[in-house]
Amino acid sequence: MSMLRVLKIVFAVAAMTFLLAPLVAILPLAFTSSVFLNYPVPGYSTRWFAELFTADVWRRAIINSLVIGLGVTVLATVLGTLAAVGLRERRLPFSGVLRTAFLLPMVVPAVVLGVGMQLLFVRMGLANSYLGVIFAHSVIAVPFVFVNVSAALQGVDTRVERAAASLGASPITTFRRVTLPLATPGIVSGAVFAFATSLDEVILTLFVAGPNQRTLARQMFSTIRENISPAIAAAAFLFIVGTILAATIVMLVRWKSAQRRAA
Amino acid sequence: MRIAAGKRLAAFCLVAPLVVFLVLFFVWPLATMMSNAVSSPGAVQALPQTGEVLADWDRTSPPTADMQAALVEDLRAIEDDQTVGDITRQLNSAKSGFRTLMAKTVSAVREDTGPIDLVAIDKRWSQVPFWQAIAAATASPYTDRNLLAAVDLARSPTGEIVSLPDTRSANLAILQRTFVIAAGTTLACMLIGYPYAMVAASCTGWKRQAMLAAVLLPLWTSLLVRTAAWFILLQDSGLINRMLQALGIIDTPLALLFNRTGVIIAMTHVLLPFMVLPIFSVLIAIPSNLMPAAASLGANPLRAFWRVLLPLSLRGVVSGSLLVFMTSIGYYITPALIGGPTDQMISSVIAFYATGTANWGMAGALGIVLLVATIALYVVYDRLSSSEGQRA
Amino acid sequence: MTQPYIRFDKVTKAYGDFIVVEDLYLDIAKGEFVSLLGPSGSGKTTILMMLAGFEPPTRGAVIVDEKRIDQLPPHRRNMGVVFQSYALFPHMTVADNVAFPLEMRGVPKANRKQLVDRALDMVQLGTMADRKPSQLSGGQQQRVALARALVFEPAVVLMDEPLGALDKQLREQMQLDIRDLHKRLGLTIIFVTHDQSEALTMSDRIAVFNKGRIEQIGTPNEIYDHPTTRFVADFIGETNLLDGAIETSDANGLIVALPGNKRIRVAAGSGEATGAAVTVSLRPEKIRLNSDAGSENSLPVTILDSVYHGDHLRMVLDAQGTRLIAKADRRFGDLQPGSKAIASFDAADCWLVRS
């Protein structure tokens, strides 16, 4: 084996360790019996999961996250999908500008947006409300839906839609029977991303949510900041398992549609 | 043509909801933040006559009776103490002494309904600087005070832009720190990301898939979880220090948490995918026979890399670097949790002004600085990636 | 003359300043098989799309069965379209694909099944009904597309390069199959292709397009043997184009002077003025080498190159400064480059074309 090859392997393994080790290292700590987040783990128990699901702050936070995440998923998926479908019409004026504009919420620093939202939401009467948090999260979740659905729609052969029209399907029927089913993988990935975005959102939540809308991410943030406990590792464990699950769904959906297109 | 018009209308109706939503909850908040940064609250609306008279004043000659009379009229017209308090606070922040001066003056003005000689109430009303402060505050509904302060500048009483004294200037240092941390993160990402992308692109089959999965999995994992993981790993009694001690490399734990090393390590981990993925996508688009071709033409591997692979992959490196840098300068969570007090970046300062002291003007002004920097970087990035698309 | 079934009346299609189809007049009778032939970008697909309703004409009228259909949306035109690369619905089975147009027309479920089965049997795919398109070969997908476009018995069938993606053998088989269906079902078919041999094999009439205009329209025979323009002569098959000037004309035809002091007799094309510059088209297979049969025209030539093509030899000849391509019998294989020969051809095989 040449020197270069050894170097390559060593580097690749080291870099992959750097990338994955933190995620792996936190998993066993979720099951520690100690109150400290340290290795070696003195004994294993599920007390921190129990804490997560029974302690009032954590349980409320989990419920809040699910309620808000669901709202965001529905709102962002509907808005993003409609816009992506509309922007397929290239003759729409400013479609290029809109395309770029719809991605901007991904770019603008969350703190900047948060300051503006806090000021405005107080005036609108949306401060410290579930609706306010859902709106705030949807703003940054919508680009993910838009990007995913746009990409899926781009993959739909316009000739297939024309074929449907030539066979007697009205535009609405064509959309419902042909375009939508073919874009479903993109919509599903978009929805998964929207939910994940909401679940992980801290900064906007800090600015617009009241104590009643404290989400899981927000609760984790203050726990790390104020008094770190292994409940964090338990929550992280759920997050990582959830991520792998969501990634599997997205991959599976994409793989299936790729297989279908391979024709 | 009728069909086309109908299609356009339908398309418009589909796009409109998102446009309205983003105008309401994205554009409007940003506009609110900006207007807060540049609007000068209170004084102008509350002191209309004074403002009119002071507009003609040269700001250096002694105060006139007209100016006094206008101020008295305005103060009499104000009925609620809230407004008085707002004006006082605003003026006092420009020139100290207004607190007592206003209290004295307002009560005197309210007691007596006839003409009043303000100088008789307080001698300070004969001094030019106090009138200068009122003139500056009432000159326009807009002020550049916050924007200037965001970069450690201020207006002198006569209206020139000057640097703030060292004791009151902190923002430039924070901006500089933000850029240093972002640059450090970008550099670290580049040093790890480029070779990583190169190795991944040179592999095939499951090895490449594994290397990509190792990048994608962290990318999809919650930012909080990754930050929490680093928090745990970097502690004095964390896994890294334990291992180094067990290996006998160090005796006492390295300080990794609550300092810049930790911040850069964690941010590099978080942002590495944004560097690897653009470089990787550029690298795999390069025909695989170019390097053998260069070798057959007599270039040794290093020269072949330097003359062929690097120039061709430079666009990926620039895209990745812009993406990482742009994201870094707005980072809040990681420095807030992993960094110490001297590692807080501009976002933390904005959050402090907004939630800590309710100084919306300053929060807005710093927000504008961050927003402008981010958008500028994004425009460059967007140009670069769209010209890439045209070439493909 | 009977009223045509389909009529393009002075139809123009432009994208901004760019004119794709210009002042098109085209009549198609019921039951006719018409090919639109031309290089890519000649506007033939645009014409098909205007007929199908996907592109509105900029000016002019499209008339089907004595009704203007310009403003009718595609789904109400009742035309079967076979698209380039088939455009099958990837998420539906073969049977569902074929049943789709019936469903759109409100055919009851029970009848649908029967019609679908019949259509699939017609294209010999009865056993594939439950497969997804991705599980079929290219040729099979093509047949599904055909069955789908025919199952609802449309008034007109439009085909946009339907055989382009198939390999040569399969393509030739499908050409015959489509031709057969056309005859059996009495369909009106408009067929877009850039493959001249395909058009010659299948069509009742061919319209040759160039730059958005019809260069010539006629039966395959007319188009091949009597091209009227230089473009058609060149695009359909291979030909020699000889530029010269009319020297004299008499009752039997013309004498055309070619560069290098050569004269050839051309049978048709009287009425041209003496001295006019003309182009003569002469098909390579009409040139005979060292023939005993008497011909009106014979030129001494030098063989420049001779290439073996299996059933014939393709020869490049030099007739005192004029290059000629000839398809010669294999028995001339011993004529080496550099050797001399006599090339002869009939006046009736020389054809005047417009530039």
# chains A, B, ... in the order shown; residues from 1 in each chain; ligands from 1
>>> residues_around(residues="C:Arg265", least_positions_apart="3", cutoff="7 Å", atoms="only C-alpha atoms", output="PyMOL selection string")
chain C and resi 254-256+296-297+347
>>> residues_around(residues="A:Leu131", least_positions_apart="6", cutoff="12 Å", atoms="only C-alpha atoms", output="count of residues only")
19
>>> select_by_dssp(residues="stretch 45-233 of chain A", states="alpha helix (DSSP H)", output="number ranges by chain")
A: 47-54, 56-86, 95-107, 110-124, 130-154, 158-166, 171-174, 180-200, 203-208, 216-226, 231-233
>>> select_by_dssp(residues="stretch 63-273 of chain C", states="strand (DSSP E or B)", output="PyMOL selection string")
chain C and resi 63-64+67-68+79-83+86+156-160+188-193+205-210+213-218+229+240-250+253-258+262-266
>>> interface_residues(of="chain C", to="chain A", cutoff="6 Å", atoms="only C-alpha atoms", output="PyMOL selection string")
chain C and resi 74-75+87+101+104+134
>>> closest_residue(among="C:Met202, C:Met50, C:Leu88, C:Cys350", to="C:Glu32", atoms="only C-alpha atoms")
C:Met202
>>> residues_around(residues="stretch 204-208 of chain C", least_positions_apart="6", cutoff="12 Å", atoms="only C-alpha atoms", output="number ranges by chain")
C: 24-40, 42-44, 47, 179, 182-183, 188-198, 214-224, 227-236
>>> write_last_selection(atoms="C-alpha atoms", output="mmCIF file, in the first residue's frame")
data_model
loop_
_atom_site.group_PDB
_atom_site.id
_atom_site.type_symbol
_atom_site.label_atom_id
_atom_site.label_comp_id
_atom_site.auth_asym_id
_atom_site.auth_seq_id
_atom_site.Cartn_x
_atom_site.Cartn_y
_atom_site.Cartn_z
ATOM 1 C CA LEU C 24 -49.049 27.648 -43.463
ATOM 2 C CA TYR C 25 -51.777 26.284 -45.739
ATOM 3 C CA LEU C 26 -52.274 22.558 -45.325
ATOM 4 C CA ASP C 27 -55.311 20.404 -46.112
ATOM 5 C CA ILE C 28 -55.614 16.831 -44.900
ATOM 6 C CA ALA C 29 -58.413 14.488 -45.963
ATOM 7 C CA LYS C 30 -60.200 12.038 -43.707
ATOM 8 C CA GLY C 31 -58.401 8.708 -43.526
ATOM 9 C CA GLU C 32 -55.147 10.104 -44.877
ATOM 10 C CA PHE C 33 -51.677 9.342 -43.511
ATOM 11 C CA VAL C 34 -49.643 12.529 -43.796
ATOM 12 C CA SER C 35 -46.054 12.840 -42.669
ATOM 13 C CA LEU C 36 -44.521 16.148 -41.683
ATOM 14 C CA LEU C 37 -40.879 15.739 -42.574
ATOM 15 C CA GLY C 38 -38.038 18.142 -41.973
ATOM 16 C CA PRO C 39 -34.871 18.809 -40.043
ATOM 17 C CA SER C 40 -35.164 19.723 -36.345
ATOM 18 C CA SER C 42 -38.255 23.334 -39.130
ATOM 19 C CA GLY C 43 -41.538 23.821 -37.251
ATOM 20 C CA LYS C 44 -43.114 20.427 -37.787
ATOM 21 C CA ILE C 47 -47.671 22.351 -36.137
ATOM 22 C CA ARG C 179 -49.187 1.411 -41.340
ATOM 23 C CA HIS C 182 -53.962 2.902 -40.268
ATOM 24 C CA LYS C 183 -55.380 0.821 -43.092
ATOM 25 C CA THR C 188 -56.442 9.870 -40.024
ATOM 26 C CA ILE C 189 -52.801 10.055 -38.954
ATOM 27 C CA ILE C 190 -50.431 12.985 -38.874
ATOM 28 C CA PHE C 191 -46.924 11.776 -38.308
ATOM 29 C CA VAL C 192 -43.963 13.983 -37.486
ATOM 30 C CA THR C 193 -40.503 12.649 -38.296
ATOM 31 C CA HIS C 194 -37.071 13.760 -39.363
ATOM 32 C CA ASP C 195 -36.324 10.356 -40.847
ATOM 33 C CA GLN C 196 -36.944 10.514 -44.599
ATOM 34 C CA SER C 197 -37.006 6.761 -45.143
ATOM 35 C CA GLU C 198 -39.660 6.430 -42.425
ATOM 36 C CA ILE C 214 -43.683 23.760 -46.677
ATOM 37 C CA GLU C 215 -41.070 23.216 -49.371
ATOM 38 C CA GLN C 216 -43.076 20.569 -51.192
ATOM 39 C CA ILE C 217 -46.054 18.367 -50.512
ATOM 40 C CA GLY C 218 -46.911 15.231 -52.439
ATOM 41 C CA THR C 219 -46.899 11.448 -52.531
ATOM 42 C CA PRO C 220 -43.657 9.693 -51.603
ATOM 43 C CA ASN C 221 -43.106 9.003 -55.276
ATOM 44 C CA GLU C 222 -43.468 12.628 -56.308
ATOM 45 C CA ILE C 223 -41.250 13.810 -53.527
ATOM 46 C CA TYR C 224 -38.490 11.349 -54.293
ATOM 47 C CA PRO C 227 -38.295 17.160 -56.049
ATOM 48 C CA THR C 228 -39.150 20.731 -56.919
ATOM 49 C CA THR C 229 -36.568 22.470 -54.779
ATOM 50 C CA ARG C 230 -32.926 22.062 -54.096
ATOM 51 C CA PHE C 231 -33.690 21.563 -50.384
ATOM 52 C CA VAL C 232 -36.098 18.680 -51.015
ATOM 53 C CA ALA C 233 -33.787 17.005 -53.512
ATOM 54 C CA ASP C 234 -30.965 17.201 -51.026
ATOM 55 C CA PHE C 235 -32.968 16.257 -47.911
ATOM 56 C CA ILE C 236 -34.734 13.225 -49.406
#
>>> residues_around(residues="stretch 139-148 of chain A", least_positions_apart="4", cutoff="8 Å", atoms="only C-alpha atoms", output="list in words")
Val72, Ala76, Thr77, Leu79, Gly80, Thr81, Ala83, Ala84, Phe102, Leu103, Leu104, Pro105, Met106, Phe135, Ala152, Gly186, Ile187, Ser189, Gly190, Ala191, Phe193, Ala194, Phe195, Thr197 and Ser198 of chain A; Leu22, Phe25 and Phe26 of chain B
>>> interface_residues(of="chain C", to="chain B", cutoff="10 Å", atoms="only C-alpha atoms", output="mmCIF file with N, CA and C atoms, in the first residue's frame")
data_model
loop_
_atom_site.group_PDB
_atom_site.id
_atom_site.type_symbol
_atom_site.label_atom_id
_atom_site.label_comp_id
_atom_site.auth_asym_id
_atom_site.auth_seq_id
_atom_site.Cartn_x
_atom_site.Cartn_y
_atom_site.Cartn_z
ATOM 1 N N PHE C 54 -51.746 22.489 -27.736
ATOM 2 C CA PHE C 54 -50.767 22.889 -26.722
ATOM 3 C C PHE C 54 -50.089 24.206 -27.054
ATOM 4 N N GLU C 55 -50.163 24.615 -28.313
ATOM 5 C CA GLU C 55 -49.600 25.903 -28.711
ATOM 6 C C GLU C 55 -50.674 26.656 -29.485
ATOM 7 N N PRO C 56 -51.082 27.822 -29.017
ATOM 8 C CA PRO C 56 -52.060 28.576 -29.791
ATOM 9 C C PRO C 56 -51.373 29.225 -30.991
ATOM 10 N N PRO C 57 -52.030 29.223 -32.181
ATOM 11 C CA PRO C 57 -51.415 29.909 -33.317
ATOM 12 C C PRO C 57 -51.400 31.416 -33.083
ATOM 13 N N THR C 58 -50.369 32.075 -33.599
ATOM 14 C CA THR C 58 -50.292 33.525 -33.450
ATOM 15 C C THR C 58 -51.294 34.198 -34.399
ATOM 16 N N ASP C 70 -59.238 26.727 -32.718
ATOM 17 C CA ASP C 70 -58.113 27.467 -32.117
ATOM 18 C C ASP C 70 -58.253 27.661 -30.609
ATOM 19 N N GLN C 71 -59.511 27.935 -30.170
ATOM 20 C CA GLN C 71 -59.675 28.288 -28.764
ATOM 21 C C GLN C 71 -60.081 27.096 -27.901
ATOM 22 N N LEU C 72 -60.140 25.932 -28.520
ATOM 23 C CA LEU C 72 -60.553 24.742 -27.772
ATOM 24 C C LEU C 72 -59.356 24.208 -26.968
ATOM 25 N N PRO C 73 -59.503 24.007 -25.644
ATOM 26 C CA PRO C 73 -58.380 23.461 -24.876
ATOM 27 C C PRO C 73 -58.092 22.018 -25.282
#
>>> atom_distance(atom1="atom CA of C:Pro108", atom2="atom CA of C:Ala95")
15.0 Å
>>> closest_atom_pairs(of="stretch 187-290 of chain C", to="stretch 337-343 of chain C", cutoff="7 Å", atoms="only C-alpha atoms", output="tab-separated table")
residue	atom	partner	partner_atom	distance
C:Ile287	CA	C:Ala343	CA	6.3
C:Arg288	CA	C:Ala343	CA	5.6
C:Leu289	CA	C:Ala343	CA	4.7
C:Asn290	CA	C:Ile342	CA	5.0
